[in-house]
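upload23.pdb (PDB, C-alpha atoms, pLDDT in the B column)
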ATOM      1  CA  MET A   1      -1.640   1.759  -7.185  1.00 52.00           C
ATOM      2  CA  VAL A   2       1.800   0.230  -7.510  1.00 55.00           C
ATOM      3  CA  THR A   3       2.311  -1.992 -10.531  1.00 58.00           C
ATOM      4  CA  VAL A   4       5.003  -4.188 -11.971  1.00 64.00           C
ATOM      5  CA  ARG A   5       6.328  -2.848 -15.254  1.00 70.00           C
ATOM      6  CA  ARG A   6       5.835  -5.590 -17.826  1.00 67.00           C
ATOM      7  CA  PRO A   7       7.604  -5.814 -21.174  1.00 65.00           C
ATOM      8  CA  GLN A   8       5.651  -4.682 -24.256  1.00 70.00           C
ATOM      9  CA  ARG A   9       6.156  -7.700 -26.542  1.00 79.00           C
ATOM     10  CA  ALA A  10       3.753 -10.583 -25.906  1.00 86.00           C
ATOM     11  CA  ASP A  11       6.470 -13.263 -25.723  1.00 86.00           C
ATOM     12  CA  ALA A  12       8.580 -11.163 -23.345  1.00 84.00           C
ATOM     13  CA  ARG A  13       5.477 -10.513 -21.207  1.00 87.00           C
ATOM     14  CA  ARG A  14       4.762 -14.260 -21.035  1.00 92.00           C
ATOM     15  CA  ASN A  15       8.348 -14.910 -19.902  1.00 92.00           C
ATOM     16  CA  PHE A  16       8.130 -12.107 -17.340  1.00 92.00           C
ATOM     17  CA  ASP A  17       4.866 -13.468 -15.915  1.00 92.00           C
ATOM     18  CA  ALA A  18       6.234 -17.017 -15.865  1.00 95.00           C
ATOM     19  CA  LEU A  19       9.280 -15.791 -13.955  1.00 95.00           C
ATOM     20  CA  LEU A  20       7.104 -14.011 -11.390  1.00 93.00           C
ATOM     21  CA  ALA A  21       4.948 -17.106 -10.854  1.00 94.00           C
ATOM     22  CA  ALA A  22       7.986 -19.386 -10.599  1.00 96.00           C
ATOM     23  CA  ALA A  23       9.710 -16.996  -8.191  1.00 95.00           C
ATOM     24  CA  ARG A  24       6.627 -16.720  -5.981  1.00 90.00           C
ATOM     25  CA  ASP A  25       6.427 -20.516  -5.716  1.00 92.00           C
ATOM     26  CA  ALA A  26      10.171 -20.951  -5.188  1.00 93.00           C
ATOM     27  CA  PHE A  27      10.284 -18.267  -2.487  1.00 90.00           C
ATOM     28  CA  ALA A  28       7.279 -19.809  -0.737  1.00 84.00           C
ATOM     29  CA  GLU A  29       9.037 -23.185  -0.732  1.00 86.00           C
ATOM     30  CA  ASN A  30      12.642 -22.133  -0.075  1.00 87.00           C
ATOM     31  CA  GLY A  31      12.560 -18.562   1.210  1.00 84.00           C
ATOM     32  CA  THR A  32      14.874 -15.857  -0.044  1.00 86.00           C
ATOM     33  CA  GLU A  33      17.658 -18.335  -0.711  1.00 88.00           C
ATOM     34  CA  ALA A  34      15.749 -19.963  -3.568  1.00 92.00           C
ATOM     35  CA  SER A  35      18.033 -20.622  -6.502  1.00 95.00           C
ATOM     36  CA  LEU A  36      17.679 -18.162  -9.380  1.00 96.00           C
ATOM     37  CA  GLU A  37      18.658 -20.945 -11.769  1.00 96.00           C
ATOM     38  CA  ASP A  38      15.787 -23.041 -10.379  1.00 96.00           C
ATOM     39  CA  ILE A  39      13.382 -20.119 -10.840  1.00 97.00           C
ATOM     40  CA  ALA A  40      14.453 -19.708 -14.478  1.00 97.00           C
ATOM     41  CA  ARG A  41      14.096 -23.464 -15.046  1.00 97.00           C
ATOM     42  CA  ARG A  42      10.611 -23.523 -13.477  1.00 97.00           C
ATOM     43  CA  ALA A  43       9.619 -20.604 -15.722  1.00 97.00           C
ATOM     44  CA  GLY A  44      10.939 -22.406 -18.792  1.00 97.00           C
ATOM     45  CA  VAL A  45      13.459 -19.675 -19.634  1.00 96.00           C
ATOM     46  CA  GLY A  46      17.202 -19.268 -19.500  1.00 96.00           C
ATOM     47  CA  ILE A  47      19.033 -17.539 -16.678  1.00 96.00           C
ATOM     48  CA  GLY A  48      19.847 -14.678 -19.063  1.00 95.00           C
ATOM     49  CA  THR A  49      16.139 -13.960 -19.463  1.00 93.00           C
ATOM     50  CA  LEU A  50      15.762 -13.839 -15.702  1.00 95.00           C
ATOM     51  CA  TYR A  51      18.637 -11.353 -15.350  1.00 95.00           C
ATOM     52  CA  ARG A  52      17.404  -9.272 -18.286  1.00 91.00           C
ATOM     53  CA  ASN A  53      14.085  -8.792 -16.482  1.00 91.00           C
ATOM     54  CA  PHE A  54      15.451  -8.686 -12.935  1.00 93.00           C
ATOM     55  CA  PRO A  55      19.089  -7.544 -12.829  1.00 92.00           C
ATOM     56  CA  THR A  56      19.330  -8.167  -9.069  1.00 91.00           C
ATOM     57  CA  ARG A  57      17.763 -10.587  -6.638  1.00 90.00           C
ATOM     58  CA  ARG A  58      16.207  -7.592  -4.860  1.00 87.00           C
ATOM     59  CA  ASP A  59      14.513  -6.541  -8.133  1.00 89.00           C
ATOM     60  CA  LEU A  60      12.915  -9.971  -8.292  1.00 92.00           C
ATOM     61  CA  PHE A  61      11.805  -9.863  -4.636  1.00 89.00           C
ATOM     62  CA  GLU A  62      10.240  -6.448  -5.139  1.00 88.00           C
ATOM     63  CA  ALA A  63       8.509  -7.462  -8.375  1.00 90.00           C
ATOM     64  CA  VAL A  64       7.028 -10.570  -6.733  1.00 91.00           C
ATOM     65  CA  TYR A  65       5.849  -8.506  -3.775  1.00 89.00           C
ATOM     66  CA  VAL A  66       4.321  -5.767  -5.924  1.00 90.00           C
ATOM     67  CA  GLU A  67       2.593  -8.385  -8.090  1.00 89.00           C
ATOM     68  CA  GLU A  68       1.074  -9.989  -4.986  1.00 88.00           C
ATOM     69  CA  VAL A  69      -0.230  -6.607  -3.819  1.00 90.00           C
ATOM     70  CA  ASP A  70      -1.612  -5.891  -7.309  1.00 90.00           C
ATOM     71  CA  GLN A  71      -3.441  -9.222  -7.273  1.00 90.00           C
ATOM     72  CA  LEU A  72      -4.752  -8.514  -3.789  1.00 92.00           C
ATOM     73  CA  SER A  73      -6.063  -5.170  -4.996  1.00 93.00           C
ATOM     74  CA  ALA A  74      -7.657  -6.766  -8.055  1.00 94.00           C
ATOM     75  CA  ALA A  75      -9.277  -9.375  -5.809  1.00 95.00           C
ATOM     76  CA  ALA A  76     -10.981  -6.586  -3.835  1.00 96.00           C
ATOM     77  CA  SER A  77     -12.512  -5.249  -7.037  1.00 95.00           C
ATOM     78  CA  ALA A  78     -13.540  -8.725  -8.139  1.00 97.00           C
ATOM     79  CA  VAL A  79     -15.444  -9.475  -4.915  1.00 97.00           C
ATOM     80  CA  ALA A  80     -16.919  -6.002  -4.359  1.00 95.00           C
ATOM     81  CA  SER A  81     -20.306  -6.975  -5.798  1.00 96.00           C
ATOM     82  CA  LEU A  82     -20.743  -9.899  -3.373  1.00 97.00           C
ATOM     83  CA  PRO A  83     -22.751  -9.461  -0.181  1.00 97.00           C
ATOM     84  CA  PRO A  84     -20.622  -7.612   2.413  1.00 97.00           C
ATOM     85  CA  TRP A  85     -19.584 -10.570   4.599  1.00 96.00           C
ATOM     86  CA  GLU A  86     -18.843 -12.795   1.601  1.00 96.00           C
ATOM     87  CA  ALA A  87     -16.826 -10.029  -0.081  1.00 97.00           C
ATOM     88  CA  LEU A  88     -14.723  -9.456   3.026  1.00 96.00           C
ATOM     89  CA  THR A  89     -14.028 -13.133   3.681  1.00 94.00           C
ATOM     90  CA  ALA A  90     -13.276 -13.846   0.007  1.00 94.00           C
ATOM     91  CA  TRP A  91     -10.737 -11.003   0.021  1.00 95.00           C
ATOM     92  CA  LEU A  92      -9.244 -12.211   3.294  1.00 93.00           C
ATOM     93  CA  ASN A  93      -8.790 -15.673   1.790  1.00 89.00           C
ATOM     94  CA  ARG A  94      -6.729 -14.045  -0.970  1.00 90.00           C
ATOM     95  CA  PHE A  95      -4.884 -12.083   1.725  1.00 90.00           C
ATOM     96  CA  VAL A  96      -3.795 -15.419   3.231  1.00 87.00           C
ATOM     97  CA  ALA A  97      -1.956 -16.294  -0.004  1.00 81.00           C
ATOM     98  CA  TYR A  98      -0.380 -12.834  -0.015  1.00 83.00           C
ATOM     99  CA  ALA A  99       0.760 -13.279   3.599  1.00 83.00           C
ATOM    100  CA  VAL A 100       2.495 -16.559   2.756  1.00 76.00           C
ATOM    101  CA  THR A 101       4.477 -14.905  -0.057  1.00 75.00           C
ATOM    102  CA  LYS A 102       5.263 -11.837   2.039  1.00 79.00           C
ATOM    103  CA  ARG A 103       6.527 -13.972   4.910  1.00 74.00           C
ATOM    104  CA  ALA A 104       8.848 -15.815   2.528  1.00 71.00           C
ATOM    105  CA  ILE A 105      10.563 -12.645   1.267  1.00 75.00           C
ATOM    106  CA  ILE A 106       9.988  -9.983   3.936  1.00 75.00           C
ATOM    107  CA  GLU A 107      13.569  -9.959   5.184  1.00 73.00           C
ATOM    108  CA  ALA A 108      14.754  -9.120   1.667  1.00 74.00           C
ATOM    109  CA  LEU A 109      12.464  -6.098   1.325  1.00 75.00           C
ATOM    110  CA  ASN A 110      13.269  -2.608   2.535  1.00 72.00           C
ATOM    111  CA  ARG A 111      10.307  -1.831   4.792  1.00 74.00           C
ATOM    112  CA  GLU A 112      11.247   1.854   4.750  1.00 78.00           C
ATOM    113  CA  SER A 113      11.174   2.137   0.955  1.00 80.00           C
ATOM    114  CA  GLU A 114       8.622   4.142  -0.996  1.00 85.00           C
ATOM    115  CA  MET A 115       7.678   0.940  -2.859  1.00 83.00           C
ATOM    116  CA  PHE A 116       6.805  -0.810   0.411  1.00 82.00           C
ATOM    117  CA  ALA A 117       4.809   2.198   1.663  1.00 86.00           C
ATOM    118  CA  ALA A 118       2.957   2.466  -1.661  1.00 89.00           C
ATOM    119  CA  CYS A 119       2.104  -1.245  -1.551  1.00 87.00           C
ATOM    120  CA  ARG A 120       0.739  -0.855   1.966  1.00 88.00           C
ATOM    121  CA  ARG A 121      -1.441   2.080   0.857  1.00 93.00           C
ATOM    122  CA  THR A 122      -2.675   0.077  -2.137  1.00 92.00           C
ATOM    123  CA  MET A 123      -3.577  -2.862   0.090  1.00 92.00           C
ATOM    124  CA  TYR A 124      -5.433  -0.664   2.570  1.00 95.00           C
ATOM    125  CA  ASP A 125      -7.229   1.203  -0.218  1.00 95.00           C
ATOM    126  CA  ALA A 126      -8.390  -2.138  -1.606  1.00 95.00           C
ATOM    127  CA  GLY A 127      -9.418  -3.954   1.564  1.00 96.00           C
ATOM    128  CA  GLU A 128     -10.556  -1.282   4.000  1.00 97.00           C
ATOM    129  CA  PRO A 129     -13.744  -0.417   2.042  1.00 97.00           C
ATOM    130  CA  LEU A 130     -14.749  -4.094   2.204  1.00 97.00           C
ATOM    131  CA  LEU A 131     -14.496  -4.040   6.003  1.00 97.00           C
ATOM    132  CA  GLU A 132     -16.352  -0.727   6.251  1.00 97.00           C
ATOM    133  CA  ARG A 133     -19.145  -2.015   4.013  1.00 97.00           C
ATOM    134  CA  ALA A 134     -19.465  -5.187   6.115  1.00 97.00           C
ATOM    135  CA  GLN A 135     -19.581  -3.083   9.283  1.00 98.00           C
ATOM    136  CA  LYS A 136     -22.275  -0.787   7.850  1.00 98.00           C
ATOM    137  CA  ALA A 137     -24.310  -3.867   6.888  1.00 97.00           C
ATOM    138  CA  GLY A 138     -24.096  -5.144  10.464  1.00 97.00           C
ATOM    139  CA  ALA A 139     -22.077  -8.209   9.433  1.00 97.00           C
ATOM    140  CA  VAL A 140     -18.903  -7.205  11.332  1.00 97.00           C
ATOM    141  CA  ARG A 141     -18.379  -5.643  14.755  1.00 96.00           C
ATOM    142  CA  THR A 142     -17.830  -1.902  14.590  1.00 96.00           C
ATOM    143  CA  ASP A 143     -14.950  -1.951  17.094  1.00 97.00           C
ATOM    144  CA  VAL A 144     -12.679  -3.800  14.625  1.00 96.00           C
ATOM    145  CA  SER A 145     -10.210  -1.719  12.634  1.00 96.00           C
ATOM    146  CA  PHE A 146      -8.722  -2.801   9.341  1.00 96.00           C
ATOM    147  CA  ASP A 147      -5.306  -2.942  10.968  1.00 94.00           C
ATOM    148  CA  ASP A 148      -6.728  -5.249  13.688  1.00 95.00           C
ATOM    149  CA  LEU A 149      -8.126  -7.514  11.003  1.00 94.00           C
ATOM    150  CA  LEU A 150      -4.881  -7.737   9.033  1.00 92.00           C
ATOM    151  CA  ARG A 151      -2.872  -8.450  12.182  1.00 92.00           C
ATOM    152  CA  LEU A 152      -5.329 -11.177  13.177  1.00 93.00           C
ATOM    153  CA  VAL A 153      -5.125 -12.949   9.830  1.00 90.00           C
ATOM    154  CA  SER A 154      -1.365 -12.376   9.461  1.00 87.00           C
ATOM    155  CA  GLY A 155      -0.750 -13.812  12.908  1.00 88.00           C
ATOM    156  CA  LEU A 156      -2.798 -16.880  12.133  1.00 87.00           C
ATOM    157  CA  THR A 157      -1.004 -17.492   8.853  1.00 83.00           C
ATOM    158  CA  SER A 158       2.357 -17.536  10.638  1.00 82.00           C
ATOM    159  CA  ALA A 159       1.376 -20.615  12.641  1.00 83.00           C
ATOM    160  CA  ALA A 160       2.287 -24.105  11.482  1.00 83.00           C
ATOM    161  CA  PHE A 161      -0.729 -26.125  10.391  1.00 86.00           C
ATOM    162  CA  VAL A 162      -1.124 -29.790   9.541  1.00 91.00           C
ATOM    163  CA  ASP A 163      -2.475 -28.793   6.119  1.00 89.00           C
ATOM    164  CA  ASP A 164      -4.334 -26.042   4.275  1.00 85.00           C
ATOM    165  CA  THR A 165      -7.680 -27.435   5.410  1.00 91.00           C
ATOM    166  CA  GLN A 166      -6.755 -26.964   9.051  1.00 92.00           C
ATOM    167  CA  ARG A 167      -5.433 -23.470   8.343  1.00 87.00           C
ATOM    168  CA  ASP A 168      -8.663 -22.517   6.566  1.00 88.00           C
ATOM    169  CA  ARG A 169     -10.758 -23.929   9.437  1.00 92.00           C
ATOM    170  CA  VAL A 170      -8.781 -21.975  12.075  1.00 92.00           C
ATOM    171  CA  ILE A 171      -9.045 -18.759  10.048  1.00 90.00           C
ATOM    172  CA  ALA A 172     -12.811 -19.293   9.645  1.00 91.00           C
ATOM    173  CA  LEU A 173     -13.111 -19.740  13.427  1.00 92.00           C
ATOM    174  CA  ALA A 174     -11.243 -16.486  14.019  1.00 92.00           C
ATOM    175  CA  LEU A 175     -13.303 -14.614  11.433  1.00 92.00           C
ATOM    176  CA  ASP A 176     -16.508 -15.771  13.119  1.00 93.00           C
ATOM    177  CA  GLY A 177     -15.311 -13.739  16.110  1.00 92.00           C
ATOM    178  CA  LEU A 178     -15.708 -10.592  13.991  1.00 94.00           C
ATOM    179  CA  ARG A 179     -19.449 -10.987  13.836  1.00 94.00           C
ATOM    180  CA  PRO A 180     -21.526  -8.793  16.164  1.00 93.00           C
TER     181      PRO A 180
END
Take the structure from the file and write it as structure tokens.
Amino acid sequence: MVTVRRPQRADARRNFDALLAAARDAFAENGTEASLEDIARRAGVGIGTLYRNFPTRRDLFEAVYVEEVDQLSAAASAVASLPPWEALTAWLNRFVAYAVTKRAIIEALNRESEMFAACRRTMYDAGEPLLERAQKAGAVRTDVSFDDLLRLVSGLTSAAFVDDTQRDRVIALALDGLRP
């Protein structure tokens, strides 16, 4: 599993986490050109604190991305005890939020890097067992691969929707097509 290296002191950790949350929101709203000063302001810290934690813009992009993958992985563990179909769809709903963040910063990430490859492995290790369990339970067609599923949901999240309700409805329609 890939993880973001957090500071040891509690106050520094709070600032670090606030910066990650502010950056995720700013990148989702404004893409990779989001102002670092705005991110620091949203986090309630000074620009020096931002640069102390993330010396370059790329460091911030990578930390936000890794944090999203970590949360996606944690979500898989959190839903694992649900019935197979519910676990899979709950995880996929979290995947939608991940896809929005990824789309906002993907051009700033090195897709050939070890970090990117490790994040992909972490995501597959987290989500693929949920699909396999749903397939074994007869809740999902057996001819669907995990890669197919991620491409389906990723493709849907790239479309423009009137609002989140419409997006959720369209994704639910597509997911119903996974049933045998």
| Residue nearest Leu178 of chain A among A:Thr89, A:Asn30, A:Asn15, A:Thr101 (counting all atoms listed in the file) |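 Of A:Thr89, A:Asn30, A:Asn15, A:Thr101, the one nearest Leu178 of chain A, counting all atoms listed in the file, is A:Thr89.
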| Residues matched by the PyMOL selection byres ((chain A and resi 127-135) around 10) as a VMD selection string | chain A and resid 72 to 73 75 to 77 79 to 80 83 to 89 91 to 92 95 122 to 126 136 to 147 149 to 150 178 to 180
| field | Straight-line distance linking atom CA of Leu19 of chain A with atom CA of Arg42 of chain A, stated in Å to one decimal | value | 7.9 Å
| Residue neighbourhood Glu67 of chain A, 12 Å, all atoms listed in the file, exclusion window fewer than 5 positions, as a PyMOL selection string | chain A and resi 1-6+16-17+19-21+23-24+60-62+72-74+98+101-102+115+119+122-123
Nearby residues (only C-alpha atoms) at most 8 Å from Ala22 of chain A, same-chain spacing under 5 positions excluded, as a compact mmCIF listing (two decimals) with C-alpha atoms, in the frame of the given file:
# COMPACT_ATOMS: atom_id res chain seq x y z
CA ILE A 39 13.38 -20.12 -10.84
CA ALA A 40 14.45 -19.71 -14.48
CA ARG A 42 10.61 -23.52 -13.48
CA ALA A 43 9.62 -20.60 -15.72
| request: List the residues matched by the PyMOL selection byres ((chain A and resi 163-170) around 12) in the displayed structure as a count of residues only, ordered by chain and then by residue number. | output: 26
| task | Neighbourhood query: residues within 10 Å of (17.1, -13.2, -12.2), file coordinates, counting all atoms listed in the file; return as a PyMOL selection string. | result | chain A and resi 19+23+35-37+39-40+46-61
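Atom CA of Glu68 of chain A is found 21.6 Å from atom CA of Ser81 of chain A.
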| So how far away is atom CA of Thr32 of chain A from atom CA of Glu112 of chain A, in Å? | 18.7 Å
Incomplete segment 93-116 of chain A brought to N, CA and C atoms, written out as a PDB file, keeping the file's coordinate frame:
ATOM      1  N   ASN A  93      -9.372 -14.404   2.246  1.00 89.00           N
ATOM      2  CA  ASN A  93      -8.790 -15.673   1.790  1.00 89.00           C
ATOM      3  C   ASN A  93      -7.665 -15.411   0.802  1.00 89.00           C
ATOM      4  N   ARG A  94      -7.815 -14.422  -0.058  1.00 90.00           N
ATOM      5  CA  ARG A  94      -6.729 -14.045  -0.970  1.00 90.00           C
ATOM      6  C   ARG A  94      -5.580 -13.413  -0.189  1.00 90.00           C
ATOM      7  N   PHE A  95      -5.900 -12.682   0.871  1.00 90.00           N
ATOM      8  CA  PHE A  95      -4.884 -12.083   1.725  1.00 90.00           C
ATOM      9  C   PHE A  95      -4.001 -13.165   2.354  1.00 90.00           C
ATOM     10  N   VAL A  96      -4.575 -14.310   2.662  1.00 87.00           N
ATOM     11  CA  VAL A  96      -3.795 -15.419   3.231  1.00 87.00           C
ATOM     12  C   VAL A  96      -2.677 -15.822   2.272  1.00 87.00           C
ATOM     13  N   ALA A  97      -2.983 -15.946   0.984  1.00 81.00           N
ATOM     14  CA  ALA A  97      -1.956 -16.294  -0.004  1.00 81.00           C
ATOM     15  C   ALA A  97      -0.893 -15.203  -0.079  1.00 81.00           C
ATOM     16  N   TYR A  98      -1.328 -13.954  -0.030  1.00 83.00           N
ATOM     17  CA  TYR A  98      -0.380 -12.834  -0.015  1.00 83.00           C
ATOM     18  C   TYR A  98       0.536 -12.929   1.203  1.00 83.00           C
ATOM     19  N   ALA A  99      -0.027 -13.223   2.365  1.00 83.00           N
ATOM     20  CA  ALA A  99       0.760 -13.279   3.599  1.00 83.00           C
ATOM     21  C   ALA A  99       1.828 -14.367   3.532  1.00 83.00           C
ATOM     22  N   VAL A 100       1.518 -15.475   2.899  1.00 76.00           N
ATOM     23  CA  VAL A 100       2.495 -16.559   2.756  1.00 76.00           C
ATOM     24  C   VAL A 100       3.681 -16.083   1.911  1.00 76.00           C
ATOM     25  N   THR A 101       3.401 -15.420   0.796  1.00 75.00           N
ATOM     26  CA  THR A 101       4.477 -14.905  -0.057  1.00 75.00           C
ATOM     27  C   THR A 101       5.276 -13.833   0.677  1.00 75.00           C
ATOM     28  N   LYS A 102       4.574 -12.917   1.330  1.00 79.00           N
ATOM     29  CA  LYS A 102       5.263 -11.837   2.039  1.00 79.00           C
ATOM     30  C   LYS A 102       6.193 -12.407   3.103  1.00 79.00           C
ATOM     31  N   ARG A 103       5.714 -13.379   3.854  1.00 74.00           N
ATOM     32  CA  ARG A 103       6.527 -13.972   4.910  1.00 74.00           C
ATOM     33  C   ARG A 103       7.794 -14.599   4.337  1.00 74.00           C
ATOM     34  N   ALA A 104       7.700 -15.150   3.140  1.00 71.00           N
ATOM     35  CA  ALA A 104       8.848 -15.815   2.528  1.00 71.00           C
ATOM     36  C   ALA A 104       9.934 -14.827   2.120  1.00 71.00           C
ATOM     37  N   ILE A 105       9.560 -13.584   1.796  1.00 75.00           N
ATOM     38  CA  ILE A 105      10.563 -12.645   1.267  1.00 75.00           C
ATOM     39  C   ILE A 105      10.718 -11.365   2.083  1.00 75.00           C
ATOM     40  N   ILE A 106      10.013 -11.255   3.207  1.00 75.00           N
ATOM     41  CA  ILE A 106       9.988  -9.983   3.936  1.00 75.00           C
ATOM     42  C   ILE A 106      11.376  -9.508   4.350  1.00 75.00           C
ATOM     43  N   GLU A 107      12.249 -10.418   4.738  1.00 73.00           N
ATOM     44  CA  GLU A 107      13.569  -9.959   5.184  1.00 73.00           C
ATOM     45  C   GLU A 107      14.398  -9.368   4.040  1.00 73.00           C
ATOM     46  N   ALA A 108      14.015  -9.647   2.814  1.00 74.00           N
ATOM     47  CA  ALA A 108      14.754  -9.120   1.667  1.00 74.00           C
ATOM     48  C   ALA A 108      14.200  -7.774   1.188  1.00 74.00           C
ATOM     49  N   LEU A 109      13.085  -7.359   1.744  1.00 75.00           N
ATOM     50  CA  LEU A 109      12.464  -6.098   1.325  1.00 75.00           C
ATOM     51  C   LEU A 109      12.855  -4.972   2.271  1.00 75.00           C
ATOM     52  N   ASN A 110      12.994  -3.799   1.736  1.00 72.00           N
ATOM     53  CA  ASN A 110      13.269  -2.608   2.535  1.00 72.00           C
ATOM     54  C   ASN A 110      11.930  -2.049   3.005  1.00 72.00           C
ATOM     55  N   ARG A 111      11.602  -2.256   4.260  1.00 74.00           N
ATOM     56  CA  ARG A 111      10.307  -1.831   4.792  1.00 74.00           C
ATOM     57  C   ARG A 111      10.172  -0.315   4.868  1.00 74.00           C
ATOM     58  N   GLU A 112      11.273   0.386   4.710  1.00 78.00           N
ATOM     59  CA  GLU A 112      11.247   1.854   4.750  1.00 78.00           C
ATOM     60  C   GLU A 112      11.148   2.464   3.348  1.00 78.00           C
ATOM     61  N   SER A 113      11.157   1.627   2.328  1.00 80.00           N
ATOM     62  CA  SER A 113      11.174   2.137   0.955  1.00 80.00           C
ATOM     63  C   SER A 113       9.818   2.715   0.555  1.00 80.00           C
ATOM     64  N   GLU A 114       9.852   3.581  -0.447  1.00 85.00           N
ATOM     65  CA  GLU A 114       8.622   4.142  -0.996  1.00 85.00           C
ATOM     66  C   GLU A 114       7.770   3.040  -1.623  1.00 85.00           C
ATOM     67  N   MET A 115       8.414   2.060  -2.254  1.00 83.00           N
ATOM     68  CA  MET A 115       7.678   0.940  -2.859  1.00 83.00           C
ATOM     69  C   MET A 115       6.869   0.213  -1.793  1.00 83.00           C
ATOM     70  N   PHE A 116       7.487  -0.075  -0.661  1.00 82.00           N
ATOM     71  CA  PHE A 116       6.805  -0.810   0.411  1.00 82.00           C
ATOM     72  C   PHE A 116       5.642   0.024   0.950  1.00 82.00           C
TER      73      PHE A 116
END
